[in-house]
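Structure file target_29.tsv (TSV, C-alpha atoms and all ligand atoms) is printed below.
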chain	number	residue	atom	x	y	z
D	189	MET	CA	8.56	-31.01	5.51
D	190	ASN	CA	6.65	-34.25	5.06
D	191	GLU	CA	3.10	-34.90	3.99
D	192	GLU	CA	1.98	-35.68	7.51
D	193	TYR	CA	3.09	-32.24	8.67
D	194	GLN	CA	1.32	-30.59	5.76
D	195	GLU	CA	-1.89	-32.37	6.65
D	196	GLN	CA	-1.46	-31.32	10.26
D	197	LEU	CA	-1.10	-27.69	9.26
D	198	GLN	CA	-4.25	-27.90	7.16
D	199	GLN	CA	-6.22	-29.48	9.99
D	200	ARG	CA	-4.96	-27.05	12.60
D	201	LEU	CA	-5.81	-24.06	10.44
D	202	TYR	CA	-9.25	-25.43	9.71
D	203	ALA	CA	-9.89	-25.84	13.45
D	204	ILE	CA	-8.52	-22.38	14.26
D	205	ARG	CA	-10.72	-20.78	11.61
D	206	GLU	CA	-13.75	-22.58	13.06
D	207	ARG	CA	-12.98	-21.28	16.53
D	208	ILE	CA	-12.34	-17.76	15.25
D	209	SER	CA	-15.69	-17.80	13.44
D	210	GLU	CA	-17.50	-19.02	16.53
D	211	ALA	CA	-15.92	-16.37	18.76
D	212	ALA	CA	-16.62	-13.66	16.14
D	213	ARG	CA	-20.29	-14.61	16.03
D	214	HIS	CA	-20.47	-14.62	19.83
D	215	SER	CA	-19.16	-11.08	19.80
D	216	GLY	CA	-21.71	-10.00	17.21
D	217	ARG	CA	-19.34	-9.86	14.26
D	218	ALA	CA	-18.82	-11.70	11.00
D	219	PRO	CA	-15.88	-14.15	10.82
D	220	ASP	CA	-14.21	-12.09	8.09
D	221	GLU	CA	-13.96	-9.11	10.44
D	222	ILE	CA	-11.13	-10.93	12.22
D	223	THR	CA	-7.71	-10.99	10.57
D	224	LEU	CA	-5.51	-14.04	11.12
D	225	CYS	CA	-1.84	-13.11	11.29
D	226	ALA	CA	0.48	-16.15	11.35
D	227	ALA	CA	3.40	-15.55	13.72
D	228	CYS	CA	6.10	-17.38	11.80
D	229	LYS	CA	9.31	-16.74	13.78
D	230	THR	CA	11.78	-19.66	13.58
D	231	ARG	CA	9.83	-21.38	10.76
D	232	SER	CA	11.50	-22.37	7.53
D	233	VAL	CA	10.83	-20.83	4.12
D	234	GLU	CA	9.17	-24.14	3.10
D	235	GLU	CA	6.83	-24.16	6.09
D	236	ILE	CA	5.87	-20.53	5.57
D	237	ALA	CA	5.32	-20.98	1.83
D	238	PHE	CA	3.12	-24.02	2.42
D	239	SER	CA	1.06	-22.20	5.04
D	240	ALA	CA	0.72	-19.19	2.72
D	241	GLY	CA	-1.44	-21.39	0.50
D	242	LEU	CA	-3.84	-21.96	3.40
D	243	ALA	CA	-6.36	-19.73	5.20
D	244	ILE	CA	-3.90	-17.18	6.58
D	245	ASP	CA	-4.42	-13.46	5.95
D	246	CYS	CA	-0.92	-12.19	6.66
D	247	PHE	CA	2.37	-13.07	8.35
D	248	GLY	CA	3.94	-11.60	11.46
D	249	GLU	CA	7.73	-11.40	11.70
D	250	ASN	CA	9.79	-10.69	14.82
D	251	HIS	CA	13.18	-10.14	13.21
D	252	ALA	CA	14.23	-7.93	10.30
D	253	GLN	CA	16.57	-10.68	9.03
D	254	GLU	CA	13.74	-13.21	8.80
D	255	LEU	CA	11.49	-10.69	7.09
D	256	ASP	CA	14.30	-10.08	4.64
D	257	ARG	CA	14.97	-13.77	3.99
D	258	ASN	CA	11.32	-14.76	3.65
D	259	PHE	CA	10.48	-11.79	1.47
D	260	SER	CA	13.41	-12.48	-0.87
D	261	ALA	CA	12.48	-16.17	-1.06
D	262	ASN	CA	8.87	-15.20	-1.90
D	263	ALA	CA	7.75	-17.34	1.07
D	264	TYR	CA	4.58	-15.28	1.64
D	265	LEU	CA	3.33	-15.91	-1.90
D	266	GLY	CA	2.29	-12.27	-2.17
D	267	LYS	CA	0.42	-12.14	1.12
D	268	PRO	CA	1.26	-9.17	3.35
D	269	ALA	CA	3.91	-9.40	6.07
D	270	HIS	CA	3.71	-7.44	9.32
D	271	PHE	CA	6.44	-6.66	11.81
D	272	ILE	CA	5.43	-7.72	15.34
D	273	GLY	CA	8.74	-7.96	17.22
D	274	HIS	CA	10.86	-5.42	19.01
D	275	LEU	CA	12.17	-3.04	16.35
D	276	GLN	CA	15.61	-1.56	16.78
D	277	THR	CA	16.27	1.78	15.14
D	278	ASN	CA	19.10	0.32	13.06
D	279	LYS	CA	16.61	-2.15	11.50
D	280	VAL	CA	14.13	0.52	10.46
D	281	LYS	CA	15.50	0.76	6.90
D	282	LYS	CA	15.08	-2.97	6.37
D	283	THR	CA	11.51	-2.88	7.64
D	284	VAL	CA	9.84	0.27	6.30
D	285	GLY	CA	7.92	-0.37	3.09
D	286	ARG	CA	8.53	-4.09	3.27
D	287	ALA	CA	6.27	-4.69	6.27
D	288	GLU	CA	2.75	-3.62	5.36
D	289	LEU	CA	2.08	-2.89	9.04
D	290	ILE	CA	4.56	-2.36	11.87
D	291	GLN	CA	2.65	-3.44	14.97
D	292	SER	CA	5.23	-2.75	17.65
D	293	VAL	CA	5.86	1.00	17.80
D	294	ASP	CA	6.40	2.17	21.36
D	295	SER	CA	8.56	5.32	21.48
D	296	THR	CA	8.88	8.83	20.08
D	297	HIS	CA	12.39	7.86	19.02
D	298	LEU	CA	11.06	5.02	16.85
D	299	LEU	CA	8.29	7.25	15.46
D	300	ASP	CA	10.94	9.76	14.39
D	301	ALA	CA	13.07	7.10	12.70
D	302	LEU	CA	10.12	5.45	10.92
D	303	ASP	CA	8.71	8.76	9.71
D	304	ASN	CA	12.09	9.93	8.41
D	305	CYS	CA	12.66	6.68	6.55
D	306	ALA	CA	9.14	6.51	5.07
D	307	SER	CA	9.31	10.17	4.08
D	308	SER	CA	12.66	9.72	2.29
D	309	ARG	CA	11.11	6.89	0.27
D	310	ASN	CA	7.92	8.78	-0.49
D	311	LEU	CA	5.69	6.23	1.12
D	312	VAL	CA	3.24	6.10	3.99
D	313	GLN	CA	4.04	3.44	6.58
D	314	LYS	CA	1.12	1.93	8.51
D	315	ILE	CA	1.77	1.34	12.19
D	316	LEU	CA	0.16	0.23	15.45
D	317	LEU	CA	1.16	1.49	18.88
D	318	GLU	CA	2.20	-1.32	21.21
D	319	ILE	CA	0.68	-1.12	24.69
D	320	ASN	CA	2.18	-2.72	27.79
D	321	ILE	CA	-1.27	-3.34	29.25
D	322	GLY	CA	0.00	-5.15	32.35
D	323	ASN	CA	2.61	-2.44	33.12
D	324	GLU	CA	5.24	-5.14	33.30
D	325	ALA	CA	8.86	-4.17	33.82
D	326	ASN	CA	11.27	-5.21	31.02
D	327	LYS	CA	8.46	-5.60	28.51
D	328	SER	CA	8.12	-3.60	25.34
D	329	GLY	CA	5.14	-1.35	24.74
D	330	ILE	CA	4.08	1.84	26.46
D	331	PRO	CA	1.84	1.95	29.54
D	332	ALA	CA	-1.81	2.71	28.71
D	333	ALA	CA	-1.49	5.99	30.61
D	334	GLU	CA	1.10	7.24	28.12
D	335	SER	CA	-0.66	6.12	24.96
D	336	GLU	CA	-2.61	9.30	24.29
D	337	ARG	CA	0.55	11.35	24.47
D	338	LEU	CA	2.35	9.02	22.04
D	339	LEU	CA	-0.63	9.09	19.68
D	340	GLU	CA	-0.57	12.89	19.73
D	341	TYR	CA	3.12	12.80	18.91
D	342	ALA	CA	2.45	10.37	16.05
D	343	SER	CA	-0.24	12.67	14.65
D	344	GLY	CA	2.54	15.07	13.65
D	345	LYS	CA	4.24	12.43	11.49
D	346	SER	CA	2.81	12.78	8.01
D	347	SER	CA	4.56	9.72	6.55
D	348	LEU	CA	2.98	7.43	9.13
D	349	LEU	CA	-0.61	6.22	9.33
D	350	VAL	CA	-1.65	5.05	12.80
D	351	CYS	CA	-4.11	2.18	12.33
D	352	GLY	CA	-4.61	0.91	15.87
D	353	ILE	CA	-3.04	-0.66	18.92
D	354	MET	CA	-1.45	-3.99	19.79
D	355	THR	CA	-0.61	-5.83	23.01
D	356	ILE	CA	0.96	-8.94	24.48
D	357	PRO	CA	-0.74	-9.26	27.88
D	358	PRO	CA	0.97	-10.77	30.92
D	359	VAL	CA	1.03	-14.55	31.14
D	360	CYS	CA	-2.25	-15.46	32.84
D	361	GLU	CA	-3.31	-18.36	35.05
D	362	ASN	CA	-6.74	-18.57	33.48
D	363	GLU	CA	-8.96	-17.16	30.78
D	364	ALA	CA	-10.89	-14.86	33.14
D	365	GLU	CA	-7.68	-13.07	34.05
D	366	ALA	CA	-6.67	-12.74	30.39
D	367	ARG	CA	-10.07	-11.33	29.54
D	368	ARG	CA	-9.64	-8.49	32.01
D	369	TYR	CA	-6.53	-7.31	30.14
D	370	PHE	CA	-8.27	-7.63	26.78
D	371	GLU	CA	-11.20	-5.66	28.14
D	372	SER	CA	-8.84	-2.89	29.31
D	373	MET	CA	-7.38	-2.83	25.80
D	374	ARG	CA	-10.79	-2.47	24.23
D	375	CYS	CA	-11.65	0.41	26.56
D	376	LEU	CA	-8.36	2.10	25.71
D	377	PHE	CA	-9.04	1.53	22.00
D	378	GLU	CA	-12.45	3.22	22.29
D	379	GLN	CA	-10.92	6.10	24.22
D	380	LEU	CA	-8.08	6.64	21.72
D	381	ARG	CA	-10.47	6.51	18.81
D	382	ARG	CA	-11.80	9.89	19.91
D	383	CYS	CA	-8.42	11.45	19.12
D	384	GLN	CA	-8.45	13.38	15.86
D	385	GLY	CA	-5.73	13.61	13.26
D	386	SER	CA	-5.44	13.37	9.49
D	387	ASN	CA	-3.08	10.40	9.82
D	388	ILE	CA	-5.02	8.64	12.59
D	389	ASP	CA	-7.47	5.94	11.59
D	390	LEU	CA	-7.78	3.52	14.48
D	391	HIS	CA	-9.53	0.37	13.30
D	392	ILE	CA	-7.15	-2.45	14.28
D	393	LEU	CA	-7.10	-3.96	17.77
D	394	SER	CA	-4.36	-6.60	17.58
D	395	MET	CA	-4.52	-9.01	20.50
D	396	GLY	CA	-4.82	-12.75	21.11
D	397	MET	CA	-2.26	-15.51	20.55
D	398	SER	CA	-2.39	-19.33	20.49
D	399	ALA	CA	-3.45	-19.70	24.11
D	400	ASP	CA	-6.06	-16.96	24.29
D	401	TYR	CA	-7.26	-15.82	20.89
D	402	GLU	CA	-10.90	-16.71	21.52
D	403	ALA	CA	-10.99	-14.68	24.73
D	404	ALA	CA	-9.39	-11.78	22.85
D	405	ILE	CA	-12.00	-11.92	20.07
D	406	LEU	CA	-14.82	-12.05	22.61
D	407	GLU	CA	-13.41	-8.79	24.01
D	408	GLY	CA	-13.24	-7.11	20.62
D	409	SER	CA	-9.95	-8.09	18.99
D	410	THR	CA	-9.92	-7.51	15.23
D	411	MET	CA	-6.58	-9.24	14.62
D	412	VAL	CA	-5.11	-12.35	16.25
D	413	ARG	CA	-1.44	-13.34	15.95
D	414	ILE	CA	-1.09	-17.10	16.12
D	415	GLY	CA	2.13	-19.12	15.95
D	416	SER	CA	2.43	-22.43	17.77
D	417	ALA	CA	-1.23	-23.40	17.37
D	418	ILE	CA	-0.58	-23.36	13.60
D	419	TYR	CA	3.00	-24.61	13.26
D	420	GLY	CA	3.49	-26.55	16.50
D	421	PRO	CA	6.04	-25.89	19.26
D	422	ARG	CA	8.98	-23.65	18.36
D	423	ASN	CA	12.51	-24.99	18.31
D	424	TYR	CA	14.86	-22.09	19.01
D	425	THR	CA	18.01	-24.20	18.74
D	426	LYS	CA	17.67	-24.70	14.98
D	501	LIG	C1	5.43	-15.36	18.83
D	501	LIG	C2	4.43	-14.25	18.88
D	501	LIG	C3	3.05	-14.50	18.76
D	501	LIG	C4	2.45	-15.87	18.63
D	501	LIG	O1	2.70	-16.64	19.78
D	501	LIG	P1	2.06	-18.12	19.90
D	501	LIG	O2	1.89	-18.30	21.37
D	501	LIG	O3	3.03	-19.05	19.31
D	501	LIG	O4	0.77	-18.12	19.19
D	501	LIG	C5	2.20	-13.39	18.74
D	501	LIG	N1	2.67	-12.14	18.87
D	501	LIG	C6	3.97	-11.86	19.00
D	501	LIG	C7	4.41	-10.45	19.13
D	501	LIG	C8	4.90	-12.90	19.02
D	501	LIG	O5	6.20	-12.63	19.17

Represent the supplied structure as structure tokens.
Amino acid sequence: MNEEYQEQLQQRLYAIRERISEAARHSGRAPDEITLCAACKTRSVEEIAFSAGLAIDCFGENHAQELDRNFSANAYLGKPAHFIGHLQTNKVKKTVGRAELIQSVDSTHLLDALDNCASSRNLVQKILLEINIGNEANKSGIPAAESERLLEYASGKSSLLVCGIMTIPPVCENEAEARRYFESMRCLFEQLRRCQGSNIDLHILSMGMSADYEAAILEGSTMVRIGSAIYGPRNYTK
């Protein structure tokens, strides 16, 4: 990692923070009401550790192995790590307790496994429910229509705390199209917030990535997950 790359990261993050602030103000909120989660899949320990010294609030990991490696290497410099990828049941043990927030919970099966694991370790695991807002086949997340039922199921899991919802919307041609999905998410968020439960405290609406985070904030996002706009294009062959 050379000096030029470090400078690039600093400049990119500065620009992203500016744009987040602007979008927050346009939506009637303060800049610090938006959490910046750095999606760091495929990045090296050195890259992550350097970025941890910059204006990032937390990290988002897609794979239990990377979470494990980066955590052990102290790459996050004490900042929280979230799990944002598809979580297999056999990776639950590696993830519970280590990820401050698991953003991608989308089945009763996974709720059972997470609750059992958290309970056996005497901790409360924070989670988000992942919504498949575009009802796309072969995509993780539950359809909006099933979210209330899943939330009700989660309300019976005393070792879990449901903090909100997350989505990856369909790939959109333009910003107007993306905004319609984000708007649907905000409506769903408001609707679900009426559900009661001692372990339900919906305050996180996680949506918006490199290509569309401003649109997401304008529609009410409280947490954006940004990867390539911070670190540059991903190289999966490494
Ligand atoms: C990779 C990833 C992101 C960030 O994507 P970019 O387009 O690189 O900003 C956000 N959320 C999830 C779940 C991801 O897997």

Would you mind telling me which residue in D:Glu249, D:Glu378, D:Glu221, D:Glu234 lies nearest to Leu289 of chain D when using all atoms listed in the file?
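For Leu289 of chain D, the nearest of the given residues is D:Glu249.
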
Protein and nucleic residues near ligand LIG 501 (chain D), 9 Å, only C-alpha atoms and all ligand atoms, as a ChimeraX atom specification:
/D:225-229,248-250,271-274,291-292,354-356,395-401,412-422

Step by step: start from the point (5.7, 9.3, 23.5) in the file's coordinates, keep every protein, DNA or RNA residue that has an atom no farther than 9 Å from it, count all atoms listed in the file, and write the set as an MDAnalysis selection string.
chainID D and resid 294:297 299 330 334:342

Who sits within 12 Å of Ser307 of chain D, all atoms listed in the file, same chain under 2 positions skipped, as number ranges by chain
D: 281, 284-285, 299-305, 309-313, 345-349

Here is a test: counting all atoms listed in the file, which residue of D:Ala269, D:Glu402, D:Leu242, D:Ser343 is nearest to Asp389 of chain D?
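Result for the nearest residue to Asp389 of chain D: D:Ser343.
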
Which one is closest to Thr410 of chain D: D:Val280, D:Ile204, D:Ile319, D:Cys351? Count only C-alpha atoms.
D:Cys351

Quick one: everything within 7 Å of Phe370 of chain D, counting all atoms listed in the file, minus sequence neighbours fewer than 3 positions away in the same chain. Send it as a list in words.
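Listing them by chain and then by number gives Ala366, Arg367, Met373, Arg374, Ala404 and Glu407 of chain D.
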
Just the number, please: distance in Å from atom CA of Ser409 of chain D to atom CA of Glu210 of chain D, one decimal.
13.5 Å

Using all atoms listed in the file, the shortest atom-to-atom distance to Gln198 of chain D among D:Pro358, D:Gly241, D:Gly266, D:Gly216 belongs to D:Gly241

Nearest candidate to Leu275 of chain D (options D:Ala261, D:Ala325, D:Ile315, D:Ala252; using all atoms listed in the file):
D:Ala252

Distance in Å - atom CA of Ala211 of chain D versus atom CA of Leu406 of chain D:
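Atom CA of Leu406 of chain D lies at a distance of 5.9 Å from atom CA of Ala211 of chain D.
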
Can you tell me how far atom CA of Arg368 of chain D sits from atom CA of Glu324 of chain D, in Å to one decimal?
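One can read the atom CA of Arg368 of chain D to atom CA of Glu324 of chain D distance as 15.3 Å.
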
Judged by all atoms listed in the file, the minimum distance to Leu390 of chain D among D:Met411, D:Lys314, D:Gln196, D:Ile353 is found for D:Ile353

Spatial neighbours of Phe259 of chain D, max dist 12 Å, all atoms listed in the file, sep filter under 6 positions, as a PyMOL selection string
chain D and resi 233+236-237+247-249+252-253+265-270+282-283+285-288

Who sits within 7 Å of Pro357 of chain D, only C-alpha atoms, same chain under 6 positions skipped, as a list in words
Ile321, Gly322 and Tyr369 of chain D

Just need the box for segment 306-317 of chain D, edges along x, y and z, holding every atom the file lists for it with 3 Å tacked onto each side, so centre and edge lengths in Å to one decimal, as lines of an AutoDock Vina configuration file.
center_x = 6.4
center_y = 5.2
center_z = 9.2
size_x = 18.5
size_y = 15.9
size_z = 25.4
